[in-house]
Amino acid sequence: MDKKLLLQDDGKTQRVKEISIMQDAQKLKMILGALSWKILTMLSKEAMYPLEIARQLGVHEQKVYYHIRKLAKAGAITVEKEEKKKGATAKYYKTVSPAFGIEFPKGYNTVQNISLLSMDEKIQRFFKEFVDGKGVLEGKIVVGSPTPHGPFKTSARDGHYAAYLTLFIGQFAKMPADFAIKLDGDVKAEKEEKNNLILVGGPGTNLFTQEINEYLPIRFNMQSSDQGFLLGGLSSKKTSRVYTADAAGLIAKIVNPWDKTKRIVVLAGNKAVGTKACVLALTNFWKKTLQGYRNDDTFAAVIQGFDLDGDGKVDSIEVME
């Protein structure tokens, strides 16, 4: 029997299970009897041996053996284990799949809203605090204001990268009722920092990246000056390396210092192109980027963006540490 995946979507959550497709009318006929169906239903829940089945159904053991042989011949059940019982060997049977069905050749339609990301274990673990029990995004995506603001009086030029990130997250999380993307100044004004936060943009353009810089495992150099602050790239205490390239950036995950039950994810570059490299690292190259993630509360990776096709735009990344 061919095995495929059966998807159930009730509008709130998506669930999937394996289904065995019956393509032989004779085999289908062998499993459709009333007693055979009862036995199949029992074996879909747990592995059992024939005498145990007979006792639960209140029928003769030989009758159960007859139907077990039919179901095994049809390929619907298989022996899961064997045990010695009173000098004899008891075979425990289990259905080969939790579901059975019939299928005709035509009728497939192309769908675009189902993603293998929803089944990717690493992505699920990295964003587990950001998706509630119903699969809805739980948190805010914070970008820098496009108008001059903060101690650097800068205008954010990397906020639009959040749109690409949001498309990526939408593959495994449903939209929340409230608007998820907010400007850093609005989050401050509304005192929403006690949330799960995804910060897009470095400390020069995103006020919250500035504020949590001291909590980051790899930090941005921010030095006082007559003009307020000077940025000097990323500095790693672990390797003592300093990354000053415009296309360098940081992807990090930490505990939210304003609410220890929440988490903050940071995608921040030395310049806007570095933030773009970080967004690409998490959306296009997440397997490479999250290779070192171990389900910890603290994670950091230095990203370097590269222009491989020579068109002047970052299209690839390397994880520097």
# chains A, B, ... in the order shown; residues from 1 in each chain; ligands from 1

$ residues_around --residues "Ala277 of chain A" --least-positions-apart "6" --cutoff "9 Å" --atoms "only C-alpha atoms" --output "JSON, numbers by chain"
{"A": [247, 248, 249, 267, 268, 269, 303, 304, 305, 306, 314, 315, 316, 317]}

$ write_last_selection --atoms "C-alpha atoms" --output "JSON list (two decimals), in the first residue's frame"
[["chain", "number", "residue", "atom", "x", "y", "z"],
["A", 247, "ALA", "CA", 27.26, 43.50, 5.79],
["A", 248, "ALA", "CA", 27.98, 41.89, 9.17],
["A", 249, "GLY", "CA", 25.23, 41.42, 11.72],
["A", 267, "LEU", "CA", 18.23, 40.50, 13.68],
["A", 268, "ALA", "CA", 20.58, 43.47, 13.59],
["A", 269, "GLY", "CA", 23.39, 44.59, 11.31],
["A", 303, "ILE", "CA", 26.36, 36.67, 10.15],
["A", 304, "GLN", "CA", 28.38, 37.97, 7.21],
["A", 305, "GLY", "CA", 26.52, 38.76, 4.00],
["A", 306, "PHE", "CA", 28.01, 38.20, 0.54],
["A", 314, "VAL", "CA", 23.62, 40.52, -0.68],
["A", 315, "ASP", "CA", 22.34, 37.10, -1.73],
["A", 316, "SER", "CA", 24.28, 34.65, 0.47],
["A", 317, "ILE", "CA", 25.61, 34.42, 4.00]]

$ select_by_dssp --residues "segment 48-108 of chain A" --states "alpha helix (DSSP H)" --output "ChimeraX atom specification"
/A:50-57,61-73

$ write_last_selection --atoms "C-alpha atoms" --output "mmCIF file, in the first residue's frame"
data_model
loop_
_atom_site.group_PDB
_atom_site.id
_atom_site.type_symbol
_atom_site.label_atom_id
_atom_site.label_comp_id
_atom_site.auth_asym_id
_atom_site.auth_seq_id
_atom_site.Cartn_x
_atom_site.Cartn_y
_atom_site.Cartn_z
ATOM 1 C CA PRO A 50 -5.509 -12.387 19.095
ATOM 2 C CA LEU A 51 -6.588 -13.944 22.396
ATOM 3 C CA GLU A 52 -6.689 -10.483 24.005
ATOM 4 C CA ILE A 53 -8.821 -9.209 21.123
ATOM 5 C CA ALA A 54 -11.182 -12.193 21.381
ATOM 6 C CA ARG A 55 -11.731 -11.621 25.098
ATOM 7 C CA GLN A 56 -12.515 -7.927 24.624
ATOM 8 C CA LEU A 57 -14.923 -8.586 21.765
ATOM 9 C CA GLU A 61 -10.401 -16.954 19.408
ATOM 10 C CA GLN A 62 -10.405 -18.916 16.115
ATOM 11 C CA LYS A 63 -12.734 -16.351 14.555
ATOM 12 C CA VAL A 64 -10.315 -13.590 15.501
ATOM 13 C CA TYR A 65 -7.405 -15.594 14.033
ATOM 14 C CA TYR A 66 -9.328 -15.912 10.760
ATOM 15 C CA HIS A 67 -9.819 -12.158 10.470
ATOM 16 C CA ILE A 68 -6.249 -11.434 11.600
ATOM 17 C CA ARG A 69 -4.949 -13.607 8.737
ATOM 18 C CA LYS A 70 -7.175 -11.735 6.260
ATOM 19 C CA LEU A 71 -6.051 -8.330 7.506
ATOM 20 C CA ALA A 72 -2.383 -9.350 7.406
ATOM 21 C CA LYS A 73 -2.779 -10.719 3.860
#

$ residues_around --residues "segment 286-296 of chain A" --least-positions-apart "5" --cutoff "12 Å" --atoms "only C-alpha atoms" --output "mmCIF file with C-alpha atoms, in the first residue's frame"
data_model
loop_
_atom_site.group_PDB
_atom_site.id
_atom_site.type_symbol
_atom_site.label_atom_id
_atom_site.label_comp_id
_atom_site.auth_asym_id
_atom_site.auth_seq_id
_atom_site.Cartn_x
_atom_site.Cartn_y
_atom_site.Cartn_z
ATOM 1 C CA LEU A 117 8.527 24.723 7.709
ATOM 2 C CA ASP A 120 10.799 21.637 10.766
ATOM 3 C CA GLU A 121 11.868 20.814 14.321
ATOM 4 C CA LYS A 122 14.660 23.424 14.556
ATOM 5 C CA ILE A 123 12.407 26.296 13.459
ATOM 6 C CA GLN A 124 9.657 25.130 15.823
ATOM 7 C CA ARG A 125 12.054 25.128 18.773
ATOM 8 C CA PHE A 126 13.642 28.478 17.932
ATOM 9 C CA PHE A 127 10.263 30.225 17.704
ATOM 10 C CA LYS A 128 8.344 28.084 20.220
ATOM 11 C CA GLU A 129 7.630 31.017 22.566
ATOM 12 C CA LEU A 165 10.692 38.040 7.660
ATOM 13 C CA PHE A 168 8.646 33.554 6.349
ATOM 14 C CA ILE A 169 7.029 33.366 9.802
ATOM 15 C CA LEU A 250 23.897 39.468 14.655
ATOM 16 C CA ILE A 251 21.104 36.952 15.098
ATOM 17 C CA ALA A 252 20.417 36.388 18.781
ATOM 18 C CA LYS A 253 17.790 34.996 21.127
ATOM 19 C CA ILE A 254 17.678 36.011 24.786
ATOM 20 C CA VAL A 255 15.328 36.171 27.746
ATOM 21 C CA ARG A 263 11.899 36.008 24.739
ATOM 22 C CA LEU A 267 18.235 40.497 13.683
ATOM 23 C CA ALA A 277 22.023 39.576 5.662
ATOM 24 C CA CYS A 278 20.578 38.524 9.032
ATOM 25 C CA VAL A 279 17.038 38.335 7.650
ATOM 26 C CA LEU A 280 18.288 36.232 4.717
ATOM 27 C CA ALA A 281 20.220 34.013 7.142
ATOM 28 C CA ALA A 301 25.419 33.892 15.677
ATOM 29 C CA VAL A 302 27.493 36.439 13.768
ATOM 30 C CA ILE A 303 26.363 36.666 10.151
ATOM 31 C CA GLN A 304 28.376 37.969 7.210
ATOM 32 C CA SER A 316 24.277 34.649 0.469
ATOM 33 C CA ILE A 317 25.615 34.417 4.002
ATOM 34 C CA GLU A 318 28.231 32.739 6.156
ATOM 35 C CA VAL A 319 27.971 32.091 9.897
ATOM 36 C CA MET A 320 31.214 33.512 11.309
ATOM 37 C CA GLU A 321 30.635 32.195 14.841
#

$ select_by_dssp --residues "segment 107-276 of chain A" --states "strand (DSSP E or B)" --output "ChimeraX atom specification"
/A:131,136-137,140-143,149,154,174,181-183,197-200,218-225,228-236,242-243,248-255,263-269

$ atom_distance --atom1 "atom CA of Lys271 of chain A" --atom2 "atom CA of Thr209 of chain A"
13.2 Å

$ residues_around --residues "Ser236 of chain A" --least-positions-apart "5" --cutoff "9 Å" --atoms "only C-alpha atoms" --output "list in words"
Pro217, Ile218, Arg219, Phe220, Arg241, Val242, Tyr243 and Val302 of chain A

$ residues_around --residues "Glu82 of chain A" --least-positions-apart "4" --cutoff "12 Å" --atoms "only C-alpha atoms" --output "PyMOL selection string"
chain A and resi 47-50+78+88-94

$ closest_residue --among "A:Lys81, A:Ser240, A:Tyr215, A:Arg157" --to "Phe299 of chain A" --atoms "only C-alpha atoms"
A:Tyr215

$ residues_around --residues "segment 192-196 of chain A" --least-positions-apart "3" --cutoff "10 Å" --atoms "only C-alpha atoms" --output "number ranges by chain"
A: 127, 129-131, 137-142, 184, 186-189, 199, 208, 255-265

$ atom_distance --atom1 "atom CA of Val273 of chain A" --atom2 "atom CA of Leu197 of chain A"
21.3 Å

$ residues_around --residues "Leu40 of chain A" --least-positions-apart "5" --cutoff "9 Å" --atoms "only C-alpha atoms" --output "ChimeraX atom specification"
/A:31,35,45,71,76-77,94-95

$ closest_residue --among "A:Pro203, A:Gly135, A:Gly233, A:Gly58" --to "Met175 of chain A" --atoms "only C-alpha atoms"
A:Gly135

$ atom_distance --atom1 "atom CA of Phe104 of chain A" --atom2 "atom CA of Asp2 of chain A"
12.6 Å
